[in-house]
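Peer 1: This is the content of final.pdb (PDB, C-alpha atoms and all ligand atoms):
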```
MODEL        1
ATOM      1  CA  MET A  11      27.870 -15.055   9.940
ATOM      2  CA  ASP A  12      29.792 -15.564  13.198
ATOM      3  CA  THR A  13      30.749 -12.644  15.423
ATOM      4  CA  LEU A  14      34.493 -12.784  14.657
ATOM      5  CA  THR A  15      33.818 -12.524  10.910
ATOM      6  CA  LYS A  16      31.463  -9.629  11.612
ATOM      7  CA  ILE A  17      34.135  -7.870  13.682
ATOM      8  CA  ALA A  18      36.634  -8.286  10.816
ATOM      9  CA  GLN A  19      34.145  -6.848   8.332
ATOM     10  CA  PHE A  20      33.189  -3.899  10.551
ATOM     11  CA  VAL A  21      36.878  -3.023  10.999
ATOM     12  CA  GLU A  22      37.556  -3.406   7.277
ATOM     13  CA  LYS A  23      34.662  -1.065   6.470
ATOM     14  CA  GLY A  24      35.597   1.367   9.224
ATOM     15  CA  GLN A  25      32.254   0.948  11.032
ATOM     16  CA  ILE A  26      33.516   2.052  14.416
ATOM     17  CA  GLN A  27      30.374   1.727  16.549
ATOM     18  CA  GLU A  28      29.413  -1.632  15.022
ATOM     19  CA  ALA A  29      32.958  -2.989  15.507
ATOM     20  CA  LYS A  30      32.905  -1.963  19.160
ATOM     21  CA  GLU A  31      29.477  -3.478  19.793
ATOM     22  CA  ALA A  32      30.438  -6.772  18.158
ATOM     23  CA  THR A  33      33.700  -6.863  20.159
ATOM     24  CA  GLN A  34      31.799  -6.269  23.389
ATOM     25  CA  LYS A  35      29.327  -9.017  22.470
ATOM     26  CA  ALA A  36      32.147 -11.444  21.659
ATOM     27  CA  LEU A  37      33.707 -10.718  25.055
ATOM     28  CA  ASP A  38      30.652 -10.584  27.325
ATOM     29  CA  VAL A  39      28.054 -12.804  25.690
ATOM     30  CA  GLU A  40      30.034 -15.319  23.685
ATOM     31  CA  LYS A  41      32.991 -15.380  26.114
ATOM     32  CA  ILE A  42      35.471 -15.596  23.232
ATOM     33  CA  PRO A  43      39.057 -15.284  24.554
ATOM     34  CA  PRO A  44      40.432 -11.757  23.910
ATOM     35  CA  MET A  45      43.432 -13.147  21.998
ATOM     36  CA  GLU A  46      41.070 -14.892  19.589
ATOM     37  CA  ILE A  47      38.985 -11.724  19.128
ATOM     38  CA  LEU A  48      42.206  -9.875  18.341
ATOM     39  CA  ASN A  49      43.711 -12.408  15.939
ATOM     40  CA  LYS A  50      40.620 -13.806  14.224
ATOM     41  CA  GLY A  51      38.542 -10.608  14.204
ATOM     42  CA  LEU A  52      40.249  -7.242  14.541
ATOM     43  CA  ILE A  53      43.592  -8.057  12.863
ATOM     44  CA  VAL A  54      41.868  -9.911  10.000
ATOM     45  CA  GLY A  55      39.847  -6.758   9.246
ATOM     46  CA  LEU A  56      42.909  -4.499   9.224
ATOM     47  CA  ALA A  57      44.860  -6.942   7.064
ATOM     48  CA  ALA A  58      41.998  -6.898   4.543
ATOM     49  CA  VAL A  59      41.962  -3.110   4.276
ATOM     50  CA  GLY A  60      45.779  -3.178   3.972
ATOM     51  CA  GLU A  61      45.503  -5.564   1.008
ATOM     52  CA  ALA A  62      42.783  -3.423  -0.589
ATOM     53  CA  PHE A  63      45.092  -0.403  -0.163
ATOM     54  CA  SER A  64      47.942  -2.293  -1.868
ATOM     55  CA  CYS A  65      45.842  -2.846  -4.983
ATOM     56  CA  GLN A  66      44.304   0.627  -4.878
ATOM     57  CA  LYS A  67      40.850  -0.553  -3.918
ATOM     58  CA  ALA A  68      41.085   1.431  -0.668
ATOM     59  CA  PHE A  69      42.773   4.742   0.118
ATOM     60  CA  VAL A  70      44.115   6.659   3.114
ATOM     61  CA  PRO A  71      40.649   7.657   4.465
ATOM     62  CA  GLU A  72      39.662   3.965   4.531
ATOM     63  CA  LEU A  73      42.920   3.071   6.310
ATOM     64  CA  MET A  74      42.140   5.785   8.842
ATOM     65  CA  THR A  75      38.602   4.708   9.662
ATOM     66  CA  ALA A  76      39.629   1.050   9.793
ATOM     67  CA  GLY A  77      42.496   2.023  12.119
ATOM     68  CA  MET A  78      40.065   3.923  14.340
ATOM     69  CA  ALA A  79      37.613   1.009  14.463
ATOM     70  CA  MET A  80      40.511  -1.245  15.445
ATOM     71  CA  LYS A  81      41.867   1.103  18.103
ATOM     72  CA  GLU A  82      38.531   1.754  19.761
ATOM     73  CA  SER A  83      37.646  -1.947  19.800
ATOM     74  CA  LEU A  84      41.098  -2.810  21.122
ATOM     75  CA  GLU A  85      40.438  -0.502  24.072
ATOM     76  CA  LEU A  86      37.657  -2.911  25.108
ATOM     77  CA  LEU A  87      40.221  -5.742  25.244
ATOM     78  CA  ARG A  88      42.804  -3.667  27.118
ATOM     79  CA  PRO A  89      41.665  -4.635  30.662
ATOM     80  CA  SER A  90      41.988  -8.346  29.841
ATOM     81  CA  PHE A  91      45.454  -7.924  28.286
ATOM     82  CA  GLU A  92      46.775  -5.677  31.029
ATOM     83  CA  ALA A  93      45.352  -7.600  33.993
ATOM     84  CA  SER A  94      48.379  -9.155  35.601
ATOM     85  CA  ASP A  95      49.002 -11.502  38.454
ATOM     86  CA  SER A  96      52.604 -11.941  37.323
ATOM     87  CA  PRO A  97      55.362 -10.722  39.625
ATOM     88  CA  PRO A  98      56.974  -7.385  38.595
ATOM     89  CA  MET A  99      59.376  -8.174  35.747
ATOM     90  CA  GLY A 100      61.251  -4.978  34.882
ATOM     91  CA  THR A 101      60.797  -1.774  32.935
ATOM     92  CA  VAL A 102      60.291  -1.208  29.225
ATOM     93  CA  VAL A 103      60.329   2.040  27.254
ATOM     94  CA  ILE A 104      58.414   1.626  24.002
ATOM     95  CA  GLY A 105      57.562   3.859  21.061
ATOM     96  CA  THR A 106      57.050   4.112  17.318
ATOM     97  CA  VAL A 107      60.102   5.651  15.649
ATOM     98  CA  GLU A 108      60.325   9.077  14.028
ATOM     99  CA  GLY A 109      58.323   9.569  10.835
ATOM    100  CA  ASP A 110      55.931   6.730  11.610
ATOM    101  CA  VAL A 111      52.439   7.195  13.002
ATOM    102  CA  HIS A 112      51.277   3.558  13.097
ATOM    103  CA  ASP A 113      50.603   2.534  16.675
ATOM    104  CA  VAL A 114      48.126  -0.343  16.777
ATOM    105  CA  GLY A 115      50.772  -3.086  16.864
ATOM    106  CA  LYS A 116      52.956  -1.131  19.283
ATOM    107  CA  ASN A 117      49.953  -0.681  21.600
ATOM    108  CA  ILE A 118      49.268  -4.429  21.556
ATOM    109  CA  VAL A 119      52.902  -5.154  22.434
ATOM    110  CA  ALA A 120      52.725  -2.579  25.266
ATOM    111  CA  MET A 121      49.480  -4.035  26.655
ATOM    112  CA  MET A 122      50.793  -7.581  26.625
ATOM    113  CA  LEU A 123      54.081  -6.616  28.244
ATOM    114  CA  GLN A 124      52.103  -4.893  30.954
ATOM    115  CA  GLY A 125      49.971  -8.029  31.330
ATOM    116  CA  ALA A 126      53.182 -10.039  31.781
ATOM    117  CA  GLY A 127      54.229  -7.831  34.713
ATOM    118  CA  PHE A 128      56.443  -5.232  32.999
ATOM    119  CA  LYS A 129      56.211  -1.563  33.875
ATOM    120  CA  VAL A 130      55.743   0.087  30.494
ATOM    121  CA  HIS A 131      56.476   3.693  29.515
ATOM    122  CA  ASP A 132      54.798   4.221  26.163
ATOM    123  CA  LEU A 133      56.199   7.329  24.472
ATOM    124  CA  GLY A 134      53.691   7.196  21.595
ATOM    125  CA  ILE A 135      54.273   7.716  17.870
ATOM    126  CA  ASP A 136      56.765   9.619  15.693
ATOM    127  CA  ILE A 137      59.405   9.622  18.416
ATOM    128  CA  PRO A 138      62.797  11.142  17.499
ATOM    129  CA  ALA A 139      65.976   9.350  18.613
ATOM    130  CA  ALA A 140      66.753  12.146  21.097
ATOM    131  CA  LYS A 141      63.450  11.557  22.883
ATOM    132  CA  PHE A 142      64.190   7.845  23.241
ATOM    133  CA  VAL A 143      67.603   8.767  24.671
ATOM    134  CA  GLU A 144      65.977  11.144  27.162
ATOM    135  CA  ALA A 145      63.419   8.503  28.211
ATOM    136  CA  VAL A 146      66.085   5.819  28.713
ATOM    137  CA  LYS A 147      68.107   8.216  30.879
ATOM    138  CA  GLN A 148      65.002   9.116  32.878
ATOM    139  CA  HIS A 149      63.345   5.715  33.365
ATOM    140  CA  GLN A 150      66.455   3.474  33.208
ATOM    141  CA  PRO A 151      64.570   0.564  31.637
ATOM    142  CA  GLU A 152      66.120  -2.848  31.116
ATOM    143  CA  ILE A 153      64.497  -2.937  27.674
ATOM    144  CA  LEU A 154      63.866  -0.464  24.865
ATOM    145  CA  ALA A 155      61.216  -1.558  22.344
ATOM    146  CA  LEU A 156      61.004   0.131  18.933
ATOM    147  CA  SER A 157      58.191  -0.210  16.429
ATOM    148  CA  ALA A 158      58.091   0.695  12.718
ATOM    149  CA  LEU A 159      55.435  -0.072  10.104
ATOM    150  CA  TYR A 160      56.281   2.247   7.256
ATOM    151  CA  THR A 161      59.424   0.879   5.560
ATOM    152  CA  PRO A 162      61.290   4.220   5.129
ATOM    153  CA  THR A 163      61.195   4.712   8.908
ATOM    154  CA  ARG A 164      63.454   1.713   9.454
ATOM    155  CA  LEU A 165      66.212   4.268   8.989
ATOM    156  CA  ALA A 166      65.009   6.097  12.095
ATOM    157  CA  MET A 167      65.209   2.806  13.975
ATOM    158  CA  ALA A 168      68.875   2.472  13.019
ATOM    159  CA  GLU A 169      69.450   6.104  14.018
ATOM    160  CA  THR A 170      67.846   5.504  17.402
ATOM    161  CA  LEU A 171      70.304   2.670  18.039
ATOM    162  CA  LYS A 172      73.206   4.904  16.990
ATOM    163  CA  ALA A 173      71.975   7.612  19.364
ATOM    164  CA  MET A 174      71.897   5.066  22.216
ATOM    165  CA  GLU A 175      75.486   4.182  21.377
ATOM    166  CA  SER A 176      76.763   7.764  21.196
ATOM    167  CA  ASN A 177      75.091   8.562  24.520
ATOM    168  CA  GLY A 178      76.776   5.617  26.238
ATOM    169  CA  LEU A 179      73.434   3.834  26.786
ATOM    170  CA  ARG A 180      73.700   0.963  24.345
ATOM    171  CA  THR A 181      75.182  -1.502  26.849
ATOM    172  CA  LYS A 182      72.639  -0.495  29.487
ATOM    173  CA  VAL A 183      69.489  -1.575  27.626
ATOM    174  CA  LYS A 184      68.476  -4.527  25.529
ATOM    175  CA  VAL A 185      66.782  -3.341  22.353
ATOM    176  CA  ILE A 186      63.905  -5.301  20.822
ATOM    177  CA  ILE A 187      62.491  -4.241  17.476
ATOM    178  CA  GLY A 188      59.380  -5.144  15.513
ATOM    179  CA  GLY A 189      56.720  -4.154  13.018
ATOM    180  CA  ALA A 190      55.709  -5.420   9.584
ATOM    181  CA  PRO A 191      58.845  -4.359   7.597
ATOM    182  CA  ILE A 192      61.237  -5.655  10.274
ATOM    183  CA  ASP A 193      62.879  -9.078  10.197
ATOM    184  CA  GLN A 194      65.816 -10.925  11.703
ATOM    185  CA  ASN A 195      68.167  -9.771   8.922
ATOM    186  CA  PHE A 196      67.395  -6.129   9.621
ATOM    187  CA  CYS A 197      67.820  -6.792  13.315
ATOM    188  CA  ASN A 198      71.287  -8.232  12.653
ATOM    189  CA  LEU A 199      72.133  -5.353  10.332
ATOM    190  CA  ILE A 200      71.426  -2.612  12.863
ATOM    191  CA  LYS A 201      72.697  -4.744  15.764
ATOM    192  CA  ALA A 202      69.528  -4.692  17.832
ATOM    193  CA  ASP A 203      69.407  -7.393  20.507
ATOM    194  CA  GLY A 204      66.279  -9.070  19.242
ATOM    195  CA  TYR A 205      63.355  -9.080  16.841
ATOM    196  CA  ALA A 206      59.912 -10.548  17.412
ATOM    197  CA  PRO A 207      57.206 -10.883  14.767
ATOM    198  CA  ASP A 208      54.277 -10.424  17.155
ATOM    199  CA  ALA A 209      53.316  -9.376  20.649
ATOM    200  CA  PRO A 210      53.276 -12.821  22.343
ATOM    201  CA  GLN A 211      56.778 -13.576  21.018
ATOM    202  CA  ALA A 212      57.945 -10.103  22.079
ATOM    203  CA  VAL A 213      56.766 -10.862  25.619
ATOM    204  CA  GLN A 214      58.511 -14.239  25.559
ATOM    205  CA  MET A 215      61.799 -12.659  24.481
ATOM    206  CA  CYS A 216      61.651  -9.879  27.086
ATOM    207  CA  LYS A 217      60.839 -12.387  29.842
ATOM    208  CA  LYS A 218      63.750 -14.575  28.779
ATOM    209  CA  TRP A 219      66.123 -11.609  28.861
ATOM    210  CA  LEU A 220      65.143 -10.764  32.429
ATOM    211  CA  ALA A 221      64.877 -14.300  33.760
TER     212      ALA A 221
HETATM  213  C1  LIG B   1      45.819   1.235   9.817
HETATM  214  C2  LIG B   1      46.930   1.643   8.885
HETATM  215  C3  LIG B   1      47.258   3.007   8.806
HETATM  216  C4  LIG B   1      46.663   4.049   9.743
HETATM  217  C5  LIG B   1      47.382   3.889  11.111
HETATM  218  C6  LIG B   1      46.467   4.137  12.281
HETATM  219  C7  LIG B   1      47.153   3.803  13.596
HETATM  220  N1  LIG B   1      46.708   4.476  14.609
HETATM  221  O1  LIG B   1      48.049   2.993  13.682
HETATM  222  C8  LIG B   1      46.994   5.390   9.010
HETATM  223  C9  LIG B   1      45.805   5.829   8.173
HETATM  224  C10 LIG B   1      47.404   6.561   9.902
HETATM  225  C11 LIG B   1      48.123   4.936   8.073
HETATM  226  C12 LIG B   1      48.958   5.834   7.432
HETATM  227  C13 LIG B   1      49.870   5.460   6.465
HETATM  228  N2  LIG B   1      50.083   4.218   6.006
HETATM  229 CO1  LIG B   1      49.355   2.618   6.840
HETATM  230  N3  LIG B   1      48.552   0.991   7.242
HETATM  231  C14 LIG B   1      47.622   0.675   8.098
HETATM  232  C15 LIG B   1      47.346  -0.858   8.020
HETATM  233  C16 LIG B   1      46.061  -1.074   7.231
HETATM  234  C17 LIG B   1      47.217  -1.577   9.346
HETATM  235  C18 LIG B   1      48.418  -1.456  10.310
HETATM  236  C19 LIG B   1      48.095  -2.200  11.581
HETATM  237  O2  LIG B   1      47.694  -1.590  12.559
HETATM  238  N4  LIG B   1      48.172  -3.548  11.552
HETATM  239  C20 LIG B   1      47.725  -4.415  12.657
HETATM  240  C21 LIG B   1      48.796  -4.564  13.727
HETATM  241  C22 LIG B   1      48.253  -5.443  14.855
HETATM  242  O3  LIG B   1      49.887  -5.211  13.139
HETATM  243  P1  LIG B   1      51.367  -4.656  13.267
HETATM  244  O4  LIG B   1      51.360  -3.183  13.398
HETATM  245  O5  LIG B   1      52.175  -5.272  12.186
HETATM  246  O6  LIG B   1      51.874  -5.182  14.692
HETATM  247  C23 LIG B   1      52.193  -6.512  15.017
HETATM  248  C24 LIG B   1      53.642  -6.907  14.637
HETATM  249  O7  LIG B   1      54.179  -6.205  13.549
HETATM  250  C25 LIG B   1      54.396  -6.708  15.905
HETATM  251  N5  LIG B   1      54.963  -5.407  16.270
HETATM  252  C26 LIG B   1      54.565  -4.158  15.972
HETATM  253  N6  LIG B   1      55.310  -3.247  16.605
HETATM  254  C27 LIG B   1      56.226  -3.931  17.316
HETATM  255  C28 LIG B   1      57.260  -3.494  18.144
HETATM  256  C29 LIG B   1      58.089  -4.437  18.765
HETATM  257  C30 LIG B   1      59.171  -3.977  19.658
HETATM  258  C31 LIG B   1      57.886  -5.817  18.523
HETATM  259  C32 LIG B   1      58.803  -6.796  19.126
HETATM  260  C33 LIG B   1      56.846  -6.258  17.704
HETATM  261  C34 LIG B   1      56.023  -5.315  17.109
HETATM  262  O8  LIG B   1      53.453  -7.064  16.906
HETATM  263  C35 LIG B   1      52.174  -6.547  16.532
HETATM  264  C36 LIG B   1      51.056  -7.320  17.157
HETATM  265  O9  LIG B   1      51.238  -8.708  17.189
HETATM  266  C37 LIG B   1      48.629  -1.355   7.268
HETATM  267  C38 LIG B   1      48.469  -2.643   6.449
HETATM  268  C39 LIG B   1      48.794  -3.891   7.234
HETATM  269  N7  LIG B   1      48.314  -4.990   6.739
HETATM  270  O10 LIG B   1      49.492  -3.870   8.226
HETATM  271  C40 LIG B   1      48.987  -0.123   6.423
HETATM  272  C41 LIG B   1      50.427   0.094   5.992
HETATM  273  C42 LIG B   1      51.392  -0.226   7.117
HETATM  274  N8  LIG B   1      50.445   1.541   5.713
HETATM  275  C43 LIG B   1      51.108   1.854   4.662
HETATM  276  C44 LIG B   1      51.275   3.172   4.144
HETATM  277  C45 LIG B   1      51.967   3.295   2.803
HETATM  278  C46 LIG B   1      50.819   4.286   4.855
HETATM  279  C47 LIG B   1      50.982   5.765   4.438
HETATM  280  C48 LIG B   1      52.337   6.148   3.822
HETATM  281  C49 LIG B   1      49.827   6.107   3.479
HETATM  282  C50 LIG B   1      49.878   7.499   2.875
HETATM  283  N9  LIG B   1      50.001   7.537   1.572
HETATM  284  O11 LIG B   1      49.813   8.472   3.575
HETATM  285  C51 LIG B   1      50.760   6.461   5.784
HETATM  286  C52 LIG B   1      52.082   6.567   6.561
HETATM  287  C53 LIG B   1      52.015   7.539   7.643
HETATM  288  C54 LIG B   1      53.309   7.492   8.459
HETATM  289  N10 LIG B   1      54.195   8.430   8.202
HETATM  290  O12 LIG B   1      53.482   6.618   9.307
HETATM  291  C55 LIG B   1      51.757   0.629   4.015
HETATM  292  C56 LIG B   1      53.241   0.550   4.338
HETATM  293  C57 LIG B   1      54.012   0.040   3.146
HETATM  294  C58 LIG B   1      55.452  -0.011   3.440
HETATM  295  N11 LIG B   1      56.035  -1.159   3.134
HETATM  296  O13 LIG B   1      56.050   0.892   3.923
HETATM  297  C59 LIG B   1      50.861  -0.538   4.596
HETATM  298  C60 LIG B   1      51.581  -1.885   4.739
HETATM  299  C61 LIG B   1      49.649  -0.677   3.644
HETATM  300  C62 LIG B   1      50.008  -1.282   2.314
HETATM  301  N12 LIG B   1      49.562  -2.496   2.081
HETATM  302  O14 LIG B   1      50.631  -0.689   1.492
HETATM  303  N13 LIG B   1      48.148   3.581   7.938
ENDMDL
END
```
Can you present the structure in this file as structure tokens?
Ligand code: B12
Peer 2:
Amino acid sequence: MDTLTKIAQFVEKGQIQEAKEATQKALDVEKIPPMEILNKGLIVGLAAVGEAFSCQKAFVPELMTAGMAMKESLELLRPSFEASDSPPMGTVVIGTVEGDVHDVGKNIVAMMLQGAGFKVHDLGIDIPAAKFVEAVKQHQPEILALSALYTPTRLAMAETLKAMESNGLRTKVKVIIGGAPIDQNFCNLIKADGYAPDAPQAVQMCKKWLA
């Protein structure tokens, strides 16, 4: 079995130490590009546990250990994603909206934006609209990036945009949104400036906005 398949299986089974060791081996010994380790190893494992959860073959504890295996392995890739020789691009405030604790995808977006030369203020998870407002006032970013994975929290995304509007900030920042239950239709509905389905496309969009 090749190392990427092993990484996927270790993540799926929540074998944290094994997932980390295989990720390190893929990086150092096999010199597999970090993006490939992410897409063909780590994300494949999480997708598998997500599917098992959908058909009740896995439960919240399994999601949690798989999430931890993913996060700890992702930390090993962080230096490669964040290393940047790009010129400074601008500032982004990013966070997962209120009611939602998923942060793996948001962290990948943040790392890649940083790698592309953006200064990133990551507020974390379960962030109420008022905290986003405060952060935009404080850091004056060109871009606000909102993540949501759990469908009911899309409402909080819409509320965050409304809060930007009522605080007179909506015209001062471009808002990009993403996460599994988000699509272009939802983006149009809540009048965000853009939607991207994954981190590389998020980076592309943000770069285009600031070009
Ligand atoms: C791991 C996991 C968890 C972990 C999260 C750990 C962590 N630190 O993140 C834990 C155990 C905490 C968890 C909890 C729950 N989860 Co969960 N979870 C998952 C799982 C398996 C993986 C998510 C993930 O990290 N994916 C990998 C990353 C890389 O993908 P991603 O997040 O989509 O990100 C990419 C893009 O979406 C995009 N992107 C993401 N954010 C942003 C932001 C911007 C601005 C842009 C442009 C792009 C972008 O770029 C990313 C990278 O390319 C998914 C299933 C799945 N297949 O996704 C379920 C899933 C999301 N969870 C689900 C559920 C139901 C729950 C719970 C309600 C379970 C429960 N009964 O308690 C709770 C909700 C808690 C809450 N209030 O938020 C459902 C959601 C269903 C729905 N439609 O709402 C899913 C889909 C599982 C399923 N098949 O049913 N979960």
Peer 1: Could you give me, as JSON, numbers by chain, the residues that have an atom at most 12 Å away from the point (43.0, 0.9, 10.5) in the coordinates of the file, using only C-alpha atoms?
Peer 2: {"A": [18, 19, 20, 21, 22, 23, 24, 25, 26, 29, 52, 53, 54, 55, 56, 57, 58, 59, 60, 61, 62, 63, 68, 69, 70, 71, 72, 73, 74, 75, 76, 77, 78, 79, 80, 81, 82, 83, 84, 111, 112, 113, 114, 115]}
Peer 1: So how far away is atom CA of A:Gly178 from atom CA of A:Gly105, in Å?
Peer 2: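 A separation of 20.0 Å between them.
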Peer 1: For the provided coordinates, the residues matched by the PyMOL selection byres (((chain A and resi 209-218) around 8) and not hetatm) should be stated as a ChimeraX atom specification.
Peer 2: /A:99,115,118-119,122-123,126,153,186,204-208,219-221
Peer 1: Find the residues around A:Leu154 up to 7 Å (only C-alpha atoms counted), leave out those fewer than 5 positions away in its own chain, and share them as a list of chain:residue names.
Peer 2: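 Non-adjacent residues within range: A:Val102, A:Val103, A:Ile104, A:Val183, A:Lys184, A:Val185, A:Ile186.
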Peer 1: Would you kindly translate the PyMOL selection byres (((chain A and resi 47) around 10) and not hetatm) into the concrete residues it picks from this file, as a list in words?
Peer 2: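 This file gives the following for the PyMOL selection byres (((chain A and resi 47) around 10) and not hetatm): Thr13, Leu14, Thr15, Ile17, Ala18, Ala32, Thr33, Gln34, Ala36, Leu37, Lys41, Ile42, Pro43, Pro44, Met45, Glu46, Leu48, Asn49, Lys50, Gly51, Leu52, Ile53, Val54, Ser83, Leu84 and Leu87 of chain A.
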Peer 1: Smallest atom-to-atom distance to A:Val146: which of A:Glu28, A:Ala173, A:Lys201, A:Ser94, using all atoms listed in the file?
Peer 2: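 When distances to A:Val146 are compared using all atoms listed in the file, the smallest one comes from A:Ala173.
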Peer 1: Using all atoms listed in the file, pick whichever of A:Lys147, A:Thr170, A:Glu175, A:Val107 has the shortest atom-to-atom distance to A:Gly189.
Peer 2: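 Checking each of A:Lys147, A:Thr170, A:Glu175, A:Val107 against A:Gly189, counting all atoms listed in the file, the winner is A:Val107.
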Peer 1: Have a look at atom CA of A:Ile187 and atom C29 of ligand LIG 1 (chain B) and let me know their distance in Å, one decimal.
Peer 2: 4.6 Å
Peer 1: When you draw a straight line from atom C50 of ligand LIG 1 (chain B) to atom CA of A:Phe196, how long is it in Å?
Peer 2: 23.2 Å
Peer 1: With 8 Å of padding per side, what axis-aligned box (centre and edge lengths, Å, one decimal) covers all the listed atoms of ligand LIG 1 (chain B)? Give it as lines of an AutoDock Vina configuration file.
Peer 2:
```
center_x = 52.5
center_y = -0.1
center_z = 10.6
size_x = 29.4
size_y = 33.2
size_z = 34.2
```
Peer 1: Can you work out which one of A:Ala202, A:Met174, A:Ala145, A:Ala158 has the shortest atom-to-atom distance to ligand LIG 1 (chain B), counting all atoms listed in the file?
Peer 2: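 Smallest separation from ligand LIG 1 (chain B) among the options: A:Ala158.
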